[in-house]
Every structure is written in C-alpha cells, then in structure tokens.
Amino acid sequence: MMLYESTRGGGKAISSAEAIKKGIADDGGLYVPGEFVPISLEDIRSMISMSYQDRAKFILKGYLDDFTHEELADCTDKAYNTRKFSSEDIAPVVMLNNSLNILELWHGPTCAFKDMALQILPHFLVKAMRKTGEKDEIVILVATSGDTGKAALEGFADVEGTRIIVFYPDGGVSEVQKRQMVTQEGKNVLVFGVEGNFDDTQTGVKQIFTDQSLFLKMGEQGLKFSSANSINWGRLVPQIVYYFSAYADMVKLGRISFGEKINFVVPTGNFGNILAGYYAMRMGLPVNRMICASNDNKVLTDFIHTGVYDRRRDFVRTISPSMDILISSNLERLIYELSGRDSEMVVHWMNQLKAEGFYDIGQTAHRLLNEHFWGGWSSQEETLKTIECVYEDYGYVCDTHTAVGIDVYDKYVITTGDLTPTVMVSTASPFKFNASVCKALSMDGTDDEFVLLKKLSEKTGQPVPDGLKGLENKPVLHGRVCKREQMKNVVMEALGI
Ligand SMILES: *Cc1c(COP(=O)(O)O)cnc(C)c1O
C-alpha cells in the first residue's frame with residue numbers, strides 16, 4: 001500500500017485517506033508519497049484515447065490505493081463533468097503558435113484553475129472520513145483573499161456530510177469575487193464578510209481552528225473542523241493528472257511525436273501547480289524543463305537562480321493577485337526531494353526561514369534544482385503588454401496570470417535558445433480578471449466590472465462564462481458582515497452550538 005510520510009520526519013507513515021483527512025502532519029510537515037508511482041510510456045500511450053475522467057482514474061489509483069475503483073470513479077464523475085465544466089475535454093490544450101500551446105485549466109465553475117482540485121477534494125474527503133471510521137460531519141472553514149473561497153464553496157456546495165463556512169475581508173476582494181461568494185447557493189454553505197483585511201480574517205479563522213473549548217462543543221454535536229488549503233495531498237494529487245492529460249493531447253493533436261520531451265510553463269504562487277508537474281516528471285512523463293513564472297513577488301525566481309530562498313522583501317500588490325505570495329508553502333515538498341529526502345535538513349531550513357527569513361539549500365541541491373527548473377518573472381507593465389501582443393498576434397485573449405507565464409516563456413527562449421515544444425499552463429479565464437485585461441486591450445476601464453464583462457465579450461467575440469454571467473442580478477444570500485472579534489460567535493451560531 002502507498003504510505004505517506006511527513007517532510008519533517010515526525011510521526012508514522014499513513015494511508016492516503018488519513019493524509020487527506022489530516023491535511024498537515026502533527027510536526028508541521030507536509031505529507032508526501034513514500035515513492036513516485038511509475039508511469040511507463042506504454043501507460044501514457046494508452047491514455048491518449050481516454051477521456052479526462054479515465055485519465056484521472058488511471059493516475060489517481062496509484063496514489064489513492066486505499067480507495068476502491070468504484071470510489072474513485074464516483075469522485076471523478078462528480079467532479080469532472082459538463083454540468084460543472086464548460087469544456088467536454090475538461091482541460092483542453094489549444095495551439096497558440098508553432099512552439100507554444102495553452103493548457104486551459106479554467107473551464108470549471110469559478111473560471112480559475114483551483115476548480116481542478118477543489119471540485120474533487122470534497123469527495124475524497126468524505127470518503128476518507130468514512131474509510132478511517134469518522135462518523136462526524138465535516139465543517140470546512142476558509143479564510144479567503146478571493147479565488148479560493150469561491151472555488152471551495154463550489155466544490156463543497158451540497159456535498160453530503162459536509163458544511164462550509166467562508167470568511168472574506170469586506171473591501172479586500174474585487175466586486176466580482178464578492179458577488180460570486182455572496183450569491184452562492186447550496187444548503188450547507190455560509191459566507192460572511194469580516195471588517196478588516198485578509199490577515200485579520202486569516203488570523204480569526206486560525207484562532208477558531210485551535211480553540212479547544214469550541215473543539216469539545218463541536219465533538220458533542222458530531223462536528224469536526226477541517227481545511228481545504230493547498231498543502232492537502234487531496235488537492236495536489238488531482239493536479240498531477242492534467243500534466244499527463246496535456247501530454248497525451250499534444251500527441252493526439254500531432255503537436256509532438258510520441259516519447260518526445262516537452263516543457264511546461266507555470267504561473268506560480270504557492271508552488272502547488274508546478275510541483276504537481278515535477279511529480280509527473282518524476283513518475284515518468286517526458287519533460288525537459290519546468291519553467292517557473294513569477295510576478296513582482298519574484299522570491300521563486302531568485303531562489304532558482306541562487307539556491308537561496310529569501311522572503312525578506314516588500315510584498316507587492318499586483319494585477320496577478322493569486323501569485324502575490326512570499327512564502328510558497330508547497331516548496332517544502334520540492335526541497336525534501338532535492339535534499340535526498342533528508343527530513344532533518346528540511347526541518348533546519350524551515351526553522352531558519354521562520355527565524356531569519358531565509359535559507360540556503362547549498363550547491364548540490366541547487367545544481368539538482370537547475371537541472372529541472374528555470375525561473376523568470378514579469379513586471380506588471382510587461383504583463384499588460386503581453387496581453388496586448390498575444391491578442392494582436394494570435395487573436396487569443398489571456399488573463400494576467402497566464403500573461404506572466406507567456407512573457408517569462410519569451411524570456412526563456414531568448415535566454416536559452418531552447419525550442420522544445422512547450423505547454424503554457426493557463427490558470428484563469430480572461431473574464432475573471434477583466435479590469436486589467438480591458439486596460440491591456442486599451443478599452444475604457446472606468447466602467448464597473450459587470451459592464452466590463454459585457455464589453456470584453458463584445459470585443460473578443462467570446463461569451464461571458466456561465467459562472468460570471470448575470471452575477472449582478474443574482475440574489476444576495478449571504479449579506480452579513482461581522483467584526484473580527486465576532487467570528488467565533490458567528491460560527492457557533494451558524495452551527496447551532
Ligand atoms: C492559485 C493561482 C495561481 C498559483 O498557483 P499555485 O499552485 O499557488 O502556485 C496562479 N494563477 C491563478 C489564477 C490562481 O488562482
């Protein structure tokens with residue numbers, strides 16, 4: 001059976017169901033599989049004719065080997081279908097030009113790539129709870145700066161055995177993001193604004209999570225808190241699937257010959273998405289390079305260049321907000337591999353990061369890092385320019401996060417001369433971050449976001465995605481805003497305890 005161990009070496013190795021249920025290890029480490037499931041070229045060949053759902057089952061079964069075939073089929077069917085996704089292919093690959101292809105991960109209900117994982121995680125979680133003998137109902141608590149909250153709401157809405165409560169900073173999210181959340185339907189969902197910024201909201205949620213008296217009261221009612229954050233194995237593992245799927249589609253579309261290596265470019269924040277690509281490579285996917293794209297918060301670019309991770313810098317608010325991160329939590333899983341799975345080393349680096357704000361992985365690990373990764377970044381001006389150029393040259397409209405990736409890819413080709421066929425992992429629909437996209441396309445950006453959606457649709461000839469259509473007319477179901485100090489009471493009231 002596949003067992004999961006903590007990157008920090010503590011505790012015993014556990015099953016995938018237990019790892020998904022726990023989220024984070026007791027020693028603060030992240031769960032990693034004891035080994036990478038080998039996928040042969042013949043396996044990959046067999047995936048070419050499969051649907052996305054079947055590709056998903058094929059990859060997932062190696063890691064979630066304590067789940068039955070029926071359970072995995074139930075999870076993939078509920079997550080990846082055309083009621084939830086606007087593309088039958090779920091994660092289609094489209095050609096931009098001779099060398100660059102786009103893997104569109106934003107056809108899910110919230111128009112951003114987090115749906116790829118958050119549509120399936122709730123089903124993993126419910127099954128994991130039952131499998132490990134838990135009878136309690138799960139209460140998911142989320143503090144969101146925008147994207148994750150809505151994706152989690154869509155994923156958990158009406159999933160039997162779960163409830164979800166989302167807190168967002170009132171005034172700290174865009175108008176579209178707020179509307180997406182406060183109009184959320186579902187009998188098990190609640191959404192509250194919090195007076196303050198994202199940090200206040202997150203601190204409030206963390207306090208609720210660790211409140212012992214609340215924990216006991218919940219237990220009496222058969223309720224248990226859980227989180228859906230991006231370090232959970234149940235969020236990482238479904239992301240491996242689309243790297244294999246993209247490769248199979250590249251062969252199917254005649255873009256590469258079978259067995260040929262390709263590059264991936266990934267707009268990166270918390271390092272979850274790109275790490276899944278690295279895992280795919282370690283499993284046997286023919287990958288030449290993983291290209292890590294950052295915005296002004298280029299802590300990862302510097303890390304790849306120097307081998308030193310240094311968060312001692314100013315945080316920049318950019319037009320690609322989902323990549324505005326200075327501590328990429330999933331990077332811990334990569335440095336675990338780069339150190340030769342040396343958990344003592346990982347503990348040392350993580351402690352140093354906490355105490356001094358930086359760590360240095362040393363020459364050997366740095367050399368290994370550079371064998372597989374290339375890092376670059378794009379300024380906000382360059383990002384806007386890229387949106388404009390891509391539209392002019394190819395008639396393709398991309399969002400700000402994807403544009404960061406395309407700009408970094410151009411820099412990669414200029415610097416290295418490498419013309420290996422490449423897949424750009426596109427993480428959001430252009431309609432999701434429409435204000436910046438309209439600005440880049442020299443449209444009048446002074447209108448409110450709902451008017452801009454229509455204007456962008458008219459200009460590009462693409463329909464406004466279902467998840468964003470008519471948002472301004474939907475009834476507000478969750479209008480309440482509370483103070484930071486009231487959050488615990490709000491939760492207790494909501495749960496009837
Ligand atoms: C979350 C997110 C990212 C960053 O992904 P990580 O897995 O955190 O690196 C990039 N783009 C968009 C649109 C996102 O929502």
# chains A, B, ... in the order shown; residues from 1 in each chain; ligands from 1

call {"tool": "residues_near_ligand", "arguments": {"ligand": "ligand 1", "cutoff": "8 Å", "atoms": "only C-alpha atoms and all ligand atoms", "output": "PDB file with all heavy atoms, in the first residue's frame"}}
result
ATOM      1  N   ALA A 112     -11.279  29.584 -12.737  1.00  0.00           N
ATOM      2  CA  ALA A 112      -9.844  29.573 -12.431  1.00  0.00           C
ATOM      3  C   ALA A 112      -9.412  28.148 -12.095  1.00  0.00           C
ATOM      4  O   ALA A 112     -10.239  27.276 -11.816  1.00  0.00           O
ATOM      5  CB  ALA A 112      -9.521  30.518 -11.276  1.00  0.00           C
ATOM      6  N   PHE A 113      -8.107  27.924 -12.099  1.00  0.00           N
ATOM      7  CA  PHE A 113      -7.600  26.547 -12.071  1.00  0.00           C
ATOM      8  C   PHE A 113      -7.836  25.835 -10.741  1.00  0.00           C
ATOM      9  O   PHE A 113      -7.754  24.615 -10.668  1.00  0.00           O
ATOM     10  CB  PHE A 113      -6.116  26.530 -12.460  1.00  0.00           C
ATOM     11  CG  PHE A 113      -5.158  26.359 -11.323  1.00  0.00           C
ATOM     12  CD1 PHE A 113      -4.603  25.116 -11.048  1.00  0.00           C
ATOM     13  CD2 PHE A 113      -4.813  27.428 -10.515  1.00  0.00           C
ATOM     14  CE1 PHE A 113      -3.722  24.944  -9.998  1.00  0.00           C
ATOM     15  CE2 PHE A 113      -3.934  27.257  -9.458  1.00  0.00           C
ATOM     16  CZ  PHE A 113      -3.390  26.018  -9.200  1.00  0.00           C
ATOM     17  N   LYS A 114      -8.148  26.583  -9.680  1.00  0.00           N
ATOM     18  CA  LYS A 114      -8.342  25.911  -8.397  1.00  0.00           C
ATOM     19  C   LYS A 114      -9.514  24.931  -8.431  1.00  0.00           C
ATOM     20  O   LYS A 114      -9.576  24.001  -7.639  1.00  0.00           O
ATOM     21  CB  LYS A 114      -8.489  26.932  -7.281  1.00  0.00           C
ATOM     22  CG  LYS A 114      -7.184  27.694  -7.102  1.00  0.00           C
ATOM     23  CD  LYS A 114      -7.045  28.425  -5.820  1.00  0.00           C
ATOM     24  CE  LYS A 114      -5.639  28.972  -5.655  1.00  0.00           C
ATOM     25  NZ  LYS A 114      -5.140  29.735  -6.827  1.00  0.00           N
ATOM     26  N   ASP A 147     -10.062  34.057  -4.660  1.00  0.00           N
ATOM     27  CA  ASP A 147     -10.296  32.897  -5.525  1.00  0.00           C
ATOM     28  C   ASP A 147     -10.628  31.607  -4.788  1.00  0.00           C
ATOM     29  O   ASP A 147     -11.543  30.878  -5.161  1.00  0.00           O
ATOM     30  CB  ASP A 147      -9.059  32.631  -6.377  1.00  0.00           C
ATOM     31  CG  ASP A 147      -9.076  33.465  -7.633  1.00  0.00           C
ATOM     32  OD1 ASP A 147     -10.065  34.195  -7.836  1.00  0.00           O
ATOM     33  OD2 ASP A 147      -8.100  33.386  -8.397  1.00  0.00           O
ATOM     34  N   THR A 148      -9.861  31.305  -3.746  1.00  0.00           N
ATOM     35  CA  THR A 148     -10.008  30.012  -3.089  1.00  0.00           C
ATOM     36  C   THR A 148     -11.388  29.862  -2.453  1.00  0.00           C
ATOM     37  O   THR A 148     -11.987  28.791  -2.501  1.00  0.00           O
ATOM     38  CB  THR A 148      -8.917  29.826  -2.013  1.00  0.00           C
ATOM     39  OG1 THR A 148      -7.655  30.022  -2.645  1.00  0.00           O
ATOM     40  CG2 THR A 148      -8.967  28.451  -1.418  1.00  0.00           C
ATOM     41  N   SER A 230      -4.091  24.489   0.268  1.00  0.00           N
ATOM     42  CA  SER A 230      -3.407  23.920  -0.894  1.00  0.00           C
ATOM     43  C   SER A 230      -2.287  22.952  -0.534  1.00  0.00           C
ATOM     44  O   SER A 230      -1.689  22.355  -1.414  1.00  0.00           O
ATOM     45  CB  SER A 230      -2.867  25.036  -1.784  1.00  0.00           C
ATOM     46  OG  SER A 230      -1.694  25.584  -1.219  1.00  0.00           O
ATOM     47  N   VAL A 266       4.592  27.469 -15.883  1.00  0.00           N
ATOM     48  CA  VAL A 266       3.541  27.519 -14.866  1.00  0.00           C
ATOM     49  C   VAL A 266       3.581  28.840 -14.093  1.00  0.00           C
ATOM     50  O   VAL A 266       4.573  29.153 -13.428  1.00  0.00           O
ATOM     51  CB  VAL A 266       3.686  26.345 -13.865  1.00  0.00           C
ATOM     52  CG1 VAL A 266       2.456  26.277 -12.961  1.00  0.00           C
ATOM     53  CG2 VAL A 266       3.893  25.018 -14.585  1.00  0.00           C
ATOM     54  N   PRO A 267       2.488  29.621 -14.153  1.00  0.00           N
ATOM     55  CA  PRO A 267       2.395  30.833 -13.325  1.00  0.00           C
ATOM     56  C   PRO A 267       2.245  30.406 -11.860  1.00  0.00           C
ATOM     57  O   PRO A 267       1.286  29.731 -11.522  1.00  0.00           O
ATOM     58  CB  PRO A 267       1.116  31.518 -13.809  1.00  0.00           C
ATOM     59  CG  PRO A 267       0.655  30.765 -15.011  1.00  0.00           C
ATOM     60  CD  PRO A 267       1.273  29.402 -14.952  1.00  0.00           C
ATOM     61  N   THR A 268       3.196  30.792 -11.036  1.00  0.00           N
ATOM     62  CA  THR A 268       3.326  30.142  -9.730  1.00  0.00           C
ATOM     63  C   THR A 268       3.135  31.097  -8.551  1.00  0.00           C
ATOM     64  O   THR A 268       3.570  32.245  -8.591  1.00  0.00           O
ATOM     65  CB  THR A 268       4.712  29.470  -9.651  1.00  0.00           C
ATOM     66  OG1 THR A 268       4.806  28.520 -10.718  1.00  0.00           O
ATOM     67  CG2 THR A 268       4.901  28.731  -8.349  1.00  0.00           C
ATOM     68  N   GLY A 269       2.489  30.581  -7.494  1.00  0.00           N
ATOM     69  CA  GLY A 269       2.325  31.339  -6.260  1.00  0.00           C
ATOM     70  C   GLY A 269       2.768  30.486  -5.090  1.00  0.00           C
ATOM     71  O   GLY A 269       3.867  30.581  -4.576  1.00  0.00           O
ATOM     72  N   ASN A 270       1.877  29.566  -4.705  1.00  0.00           N
ATOM     73  CA  ASN A 270       2.145  28.693  -3.561  1.00  0.00           C
ATOM     74  C   ASN A 270       2.952  27.452  -3.944  1.00  0.00           C
ATOM     75  O   ASN A 270       3.230  26.603  -3.099  1.00  0.00           O
ATOM     76  CB  ASN A 270       0.809  28.265  -2.953  1.00  0.00           C
ATOM     77  CG  ASN A 270       0.802  28.463  -1.468  1.00  0.00           C
ATOM     78  OD1 ASN A 270       1.861  28.538  -0.838  1.00  0.00           O
ATOM     79  ND2 ASN A 270      -0.371  28.543  -0.894  1.00  0.00           N
ATOM     80  N   PHE A 271       3.278  27.296  -5.214  1.00  0.00           N
ATOM     81  CA  PHE A 271       4.100  26.208  -5.743  1.00  0.00           C
ATOM     82  C   PHE A 271       3.363  24.867  -5.825  1.00  0.00           C
ATOM     83  O   PHE A 271       3.974  23.823  -5.998  1.00  0.00           O
ATOM     84  CB  PHE A 271       5.398  26.047  -4.925  1.00  0.00           C
ATOM     85  CG  PHE A 271       6.562  25.541  -5.749  1.00  0.00           C
ATOM     86  CD1 PHE A 271       7.251  26.380  -6.602  1.00  0.00           C
ATOM     87  CD2 PHE A 271       6.958  24.209  -5.682  1.00  0.00           C
ATOM     88  CE1 PHE A 271       8.313  25.914  -7.377  1.00  0.00           C
ATOM     89  CE2 PHE A 271       8.026  23.738  -6.451  1.00  0.00           C
ATOM     90  CZ  PHE A 271       8.705  24.591  -7.295  1.00  0.00           C
ATOM     91  N   GLY A 272       2.025  24.882  -5.727  1.00  0.00           N
ATOM     92  CA  GLY A 272       1.277  23.627  -5.812  1.00  0.00           C
ATOM     93  C   GLY A 272       1.184  23.111  -7.236  1.00  0.00           C
ATOM     94  O   GLY A 272       1.499  21.947  -7.525  1.00  0.00           O
ATOM     95  N   ASN A 273       0.776  23.994  -8.130  1.00  0.00           N
ATOM     96  CA  ASN A 273       0.581  23.622  -9.523  1.00  0.00           C
ATOM     97  C   ASN A 273       1.874  23.098 -10.147  1.00  0.00           C
ATOM     98  O   ASN A 273       1.926  21.991 -10.693  1.00  0.00           O
ATOM     99  CB  ASN A 273       0.077  24.882 -10.249  1.00  0.00           C
ATOM    100  CG  ASN A 273      -0.525  24.575 -11.603  1.00  0.00           C
ATOM    101  OD1 ASN A 273      -0.482  23.443 -12.076  1.00  0.00           O
ATOM    102  ND2 ASN A 273      -1.077  25.588 -12.237  1.00  0.00           N
ATOM    103  N   ILE A 274       2.937  23.842 -10.045  1.00  0.00           N
ATOM    104  CA  ILE A 274       4.193  23.443 -10.691  1.00  0.00           C
ATOM    105  C   ILE A 274       4.792  22.209 -10.024  1.00  0.00           C
ATOM    106  O   ILE A 274       5.409  21.356 -10.685  1.00  0.00           O
ATOM    107  CB  ILE A 274       5.202  24.625 -10.721  1.00  0.00           C
ATOM    108  CG1 ILE A 274       6.354  24.312 -11.695  1.00  0.00           C
ATOM    109  CG2 ILE A 274       5.716  24.971  -9.335  1.00  0.00           C
ATOM    110  CD1 ILE A 274       7.250  25.507 -12.004  1.00  0.00           C
ATOM    111  N   LEU A 275       4.585  22.061  -8.729  1.00  0.00           N
ATOM    112  CA  LEU A 275       5.091  20.869  -8.034  1.00  0.00           C
ATOM    113  C   LEU A 275       4.426  19.610  -8.601  1.00  0.00           C
ATOM    114  O   LEU A 275       5.080  18.577  -8.789  1.00  0.00           O
ATOM    115  CB  LEU A 275       4.819  20.957  -6.531  1.00  0.00           C
ATOM    116  CG  LEU A 275       5.317  19.744  -5.740  1.00  0.00           C
ATOM    117  CD1 LEU A 275       6.825  19.833  -5.520  1.00  0.00           C
ATOM    118  CD2 LEU A 275       4.601  19.614  -4.408  1.00  0.00           C
ATOM    119  N   SER A 320      -1.776  40.378 -10.932  1.00  0.00           N
ATOM    120  CA  SER A 320      -1.958  38.908 -10.912  1.00  0.00           C
ATOM    121  C   SER A 320      -1.980  38.468  -9.439  1.00  0.00           C
ATOM    122  O   SER A 320      -1.054  37.830  -8.944  1.00  0.00           O
ATOM    123  CB  SER A 320      -0.845  38.194 -11.684  1.00  0.00           C
ATOM    124  OG  SER A 320       0.426  38.739 -11.396  1.00  0.00           O
ATOM    125  N   PRO A 321      -3.068  38.831  -8.723  1.00  0.00           N
ATOM    126  CA  PRO A 321      -3.102  38.730  -7.260  1.00  0.00           C
ATOM    127  C   PRO A 321      -2.948  37.305  -6.720  1.00  0.00           C
ATOM    128  O   PRO A 321      -2.462  37.131  -5.605  1.00  0.00           O
ATOM    129  CB  PRO A 321      -4.483  39.296  -6.893  1.00  0.00           C
ATOM    130  CG  PRO A 321      -5.298  39.173  -8.127  1.00  0.00           C
ATOM    131  CD  PRO A 321      -4.348  39.333  -9.266  1.00  0.00           C
ATOM    132  N   SER A 322      -3.338  36.302  -7.502  1.00  0.00           N
ATOM    133  CA  SER A 322      -3.253  34.927  -6.995  1.00  0.00           C
ATOM    134  C   SER A 322      -1.808  34.431  -6.925  1.00  0.00           C
ATOM    135  O   SER A 322      -1.544  33.339  -6.429  1.00  0.00           O
ATOM    136  CB  SER A 322      -4.082  33.981  -7.862  1.00  0.00           C
ATOM    137  OG  SER A 322      -5.416  34.421  -7.886  1.00  0.00           O
ATOM    138  N   MET A 323      -0.883  35.237  -7.446  1.00  0.00           N
ATOM    139  CA  MET A 323       0.542  34.884  -7.361  1.00  0.00           C
ATOM    140  C   MET A 323       1.283  35.820  -6.411  1.00  0.00           C
ATOM    141  O   MET A 323       2.511  35.770  -6.334  1.00  0.00           O
ATOM    142  CB  MET A 323       1.178  34.967  -8.753  1.00  0.00           C
ATOM    143  CG  MET A 323       0.548  33.995  -9.737  1.00  0.00           C
ATOM    144  SD  MET A 323       0.869  34.454 -11.441  1.00  0.00           S
ATOM    145  CE  MET A 323       2.629  34.142 -11.523  1.00  0.00           C
ATOM    146  N   SER A 328       5.960  30.293  -0.290  1.00  0.00           N
ATOM    147  CA  SER A 328       5.319  29.273  -1.120  1.00  0.00           C
ATOM    148  C   SER A 328       5.329  27.957  -0.358  1.00  0.00           C
ATOM    149  O   SER A 328       6.326  27.234  -0.356  1.00  0.00           O
ATOM    150  CB  SER A 328       6.073  29.118  -2.434  1.00  0.00           C
ATOM    151  OG  SER A 328       6.166  30.364  -3.086  1.00  0.00           O
ATOM    152  N   HIS A 401      -2.488  36.290 -15.108  1.00  0.00           N
ATOM    153  CA  HIS A 401      -1.598  35.232 -14.602  1.00  0.00           C
ATOM    154  C   HIS A 401      -0.960  34.461 -15.752  1.00  0.00           C
ATOM    155  O   HIS A 401       0.239  34.191 -15.762  1.00  0.00           O
ATOM    156  CB  HIS A 401      -2.370  34.283 -13.684  1.00  0.00           C
ATOM    157  CG  HIS A 401      -3.031  34.979 -12.538  1.00  0.00           C
ATOM    158  ND1 HIS A 401      -4.187  35.699 -12.696  1.00  0.00           N
ATOM    159  CD2 HIS A 401      -2.685  35.098 -11.239  1.00  0.00           C
ATOM    160  CE1 HIS A 401      -4.525  36.231 -11.534  1.00  0.00           C
ATOM    161  NE2 HIS A 401      -3.629  35.880 -10.630  1.00  0.00           N
ATOM    162  N   THR A 402      -1.801  34.144 -16.739  1.00  0.00           N
ATOM    163  CA  THR A 402      -1.310  33.441 -17.921  1.00  0.00           C
ATOM    164  C   THR A 402      -0.307  34.317 -18.669  1.00  0.00           C
ATOM    165  O   THR A 402       0.712  33.825 -19.168  1.00  0.00           O
ATOM    166  CB  THR A 402      -2.506  33.080 -18.825  1.00  0.00           C
ATOM    167  OG1 THR A 402      -3.465  32.369 -18.029  1.00  0.00           O
ATOM    168  CG2 THR A 402      -2.074  32.228 -20.003  1.00  0.00           C
ATOM    169  N   SER A 426      -2.392  27.601 -18.368  1.00  0.00           N
ATOM    170  CA  SER A 426      -3.188  28.821 -18.196  1.00  0.00           C
ATOM    171  C   SER A 426      -4.131  28.657 -17.002  1.00  0.00           C
ATOM    172  O   SER A 426      -4.922  27.726 -16.956  1.00  0.00           O
ATOM    173  CB  SER A 426      -3.979  29.094 -19.475  1.00  0.00           C
ATOM    174  OG  SER A 426      -4.868  30.162 -19.270  1.00  0.00           O
ATOM    175  N   THR A 427      -4.031  29.595 -16.041  1.00  0.00           N
ATOM    176  CA  THR A 427      -4.692  29.359 -14.757  1.00  0.00           C
ATOM    177  C   THR A 427      -6.001  30.120 -14.537  1.00  0.00           C
ATOM    178  O   THR A 427      -6.689  29.857 -13.560  1.00  0.00           O
ATOM    179  CB  THR A 427      -3.738  29.678 -13.590  1.00  0.00           C
ATOM    180  OG1 THR A 427      -3.194  30.975 -13.790  1.00  0.00           O
ATOM    181  CG2 THR A 427      -2.618  28.663 -13.514  1.00  0.00           C
ATOM    182  N   ALA A 428      -6.320  31.074 -15.391  1.00  0.00           N
ATOM    183  CA  ALA A 428      -7.596  31.774 -15.196  1.00  0.00           C
ATOM    184  C   ALA A 428      -8.178  32.242 -16.520  1.00  0.00           C
ATOM    185  O   ALA A 428      -7.448  32.532 -17.471  1.00  0.00           O
ATOM    186  CB  ALA A 428      -7.433  32.960 -14.251  1.00  0.00           C
TER     187      ALA A 428
END

call {"tool": "residues_around", "arguments": {"residues": "Asn197 (chain A)", "least_positions_apart": "3", "cutoff": "6 Å", "atoms": "only C-alpha atoms", "output": "PyMOL selection string"}}
result
chain A and resi 169+172+200

call {"tool": "closest_residue", "arguments": {"among": "A:Gly417, A:Gly204, A:Pro238, A:Gly395", "to": "Tyr63 (chain A)", "atoms": "only C-alpha atoms"}}
result
A:Pro238

call {"tool": "residues_around", "arguments": {"residues": "Glu185 (chain A)", "least_positions_apart": "2", "cutoff": "8 Å", "atoms": "only C-alpha atoms", "output": "PDB file with C-alpha atoms, in the first residue's frame"}}
result
ATOM      1  CA  ALA A 157     -21.904  23.007  -2.017  1.00  0.00           C
ATOM      2  CA  THR A 183     -24.729  34.732  -4.170  1.00  0.00           C
ATOM      3  CA  LYS A 187     -27.987  24.154   1.689  1.00  0.00           C
ATOM      4  CA  VAL A 189     -22.891  26.872   2.704  1.00  0.00           C
ATOM      5  CA  LEU A 477     -27.936  35.141   0.007  1.00  0.00           C
TER       6      LEU A 477
END

call {"tool": "select_by_dssp", "arguments": {"residues": "region 170-257 of chain A", "states": "strand (DSSP E)", "output": "PyMOL selection string"}}
result
chain A and resi 170+189-195+223-226

call {"tool": "write_last_selection", "arguments": {"atoms": "C-alpha atoms", "output": "PDB file, in the first residue's frame"}}
result
ATOM      1  CA  ASP A 170     -15.003  43.078   3.283  1.00  0.00           C
ATOM      2  CA  VAL A 189     -22.891  26.872   2.704  1.00  0.00           C
ATOM      3  CA  LEU A 190     -22.417  30.090   4.678  1.00  0.00           C
ATOM      4  CA  VAL A 191     -20.417  33.186   3.744  1.00  0.00           C
ATOM      5  CA  PHE A 192     -19.512  36.170   5.911  1.00  0.00           C
ATOM      6  CA  GLY A 193     -17.627  39.389   5.320  1.00  0.00           C
ATOM      7  CA  VAL A 194     -15.166  40.495   8.012  1.00  0.00           C
ATOM      8  CA  GLU A 195     -14.306  44.110   8.805  1.00  0.00           C
ATOM      9  CA  LEU A 223     -18.985  18.042  14.097  1.00  0.00           C
ATOM     10  CA  LYS A 224     -15.325  18.367  13.182  1.00  0.00           C
ATOM     11  CA  PHE A 225     -13.349  21.183  11.547  1.00  0.00           C
ATOM     12  CA  SER A 226     -11.204  20.548   8.511  1.00  0.00           C
TER      13      SER A 226
END

call {"tool": "atom_distance", "arguments": {"atom1": "CA of Leu30 (chain A)", "atom2": "CA of Val491 (chain A)"}}
result
27.6 Å

call {"tool": "closest_residue", "arguments": {"among": "A:Leu253, A:Leu495, A:Ile291, A:Val176", "to": "Lys411 (chain A)", "atoms": "only C-alpha atoms"}}
result
A:Ile291

call {"tool": "residues_around", "arguments": {"residues": "Trp349 (chain A)", "least_positions_apart": "4", "cutoff": "7 Å", "atoms": "only C-alpha atoms", "output": "count of residues only"}}
result
3

call {"tool": "closest_residue", "arguments": {"among": "A:Asn101, A:Gln184, A:Cys111, A:Gly234", "to": "Cys75 (chain A)", "atoms": "only C-alpha atoms"}}
result
A:Gly234

call {"tool": "closest_residue", "arguments": {"among": "A:Met181, A:Leu100, A:Cys482, A:Val237", "to": "Ile256 (chain A)", "atoms": "only C-alpha atoms"}}
result
A:Leu100

call {"tool": "closest_residue", "arguments": {"among": "A:Gly196, A:Gly284, A:Gly375, A:Gly11", "to": "Ile39 (chain A)", "atoms": "only C-alpha atoms"}}
result
A:Gly284

call {"tool": "closest_residue", "arguments": {"among": "A:Ile387, A:Trp377, A:Thr7, A:Met1", "to": "Asp66 (chain A)", "atoms": "only C-alpha atoms"}}
result
A:Met1

call {"tool": "atom_distance", "arguments": {"atom1": "CA of Gly479 (chain A)", "atom2": "CA of Val182 (chain A)"}}
result
6.5 Å

call {"tool": "select_by_dssp", "arguments": {"residues": "region 94-286 of chain A", "states": "alpha helix (DSSP H)", "output": "PyMOL selection string"}}
result
chain A and resi 114-118+121-131+147-156+175-182+198-209+212-220+233-252+272-283

call {"tool": "residues_around", "arguments": {"residues": "Leu419 (chain A)", "least_positions_apart": "2", "cutoff": "12 Å", "atoms": "only C-alpha atoms", "output": "ChimeraX atom specification"}}
result
/A:98-100,261-263,288-289,409-410,412-417,421-423

call {"tool": "atom_distance", "arguments": {"atom1": "CA of Leu216 (chain A)", "atom2": "CA of Ile14 (chain A)"}}
result
25.3 Å

call {"tool": "residues_around", "arguments": {"residues": "Arg235 (chain A)", "least_positions_apart": "2", "cutoff": "9 Å", "atoms": "only C-alpha atoms", "output": "number ranges by chain"}}
result
A: 20, 114, 116-118, 120-121, 228-233, 237-239, 272

call {"tool": "residues_around", "arguments": {"residues": "His366 (chain A)", "least_positions_apart": "5", "cutoff": "8 Å", "atoms": "only C-alpha atoms", "output": "count of residues only"}}
result
5
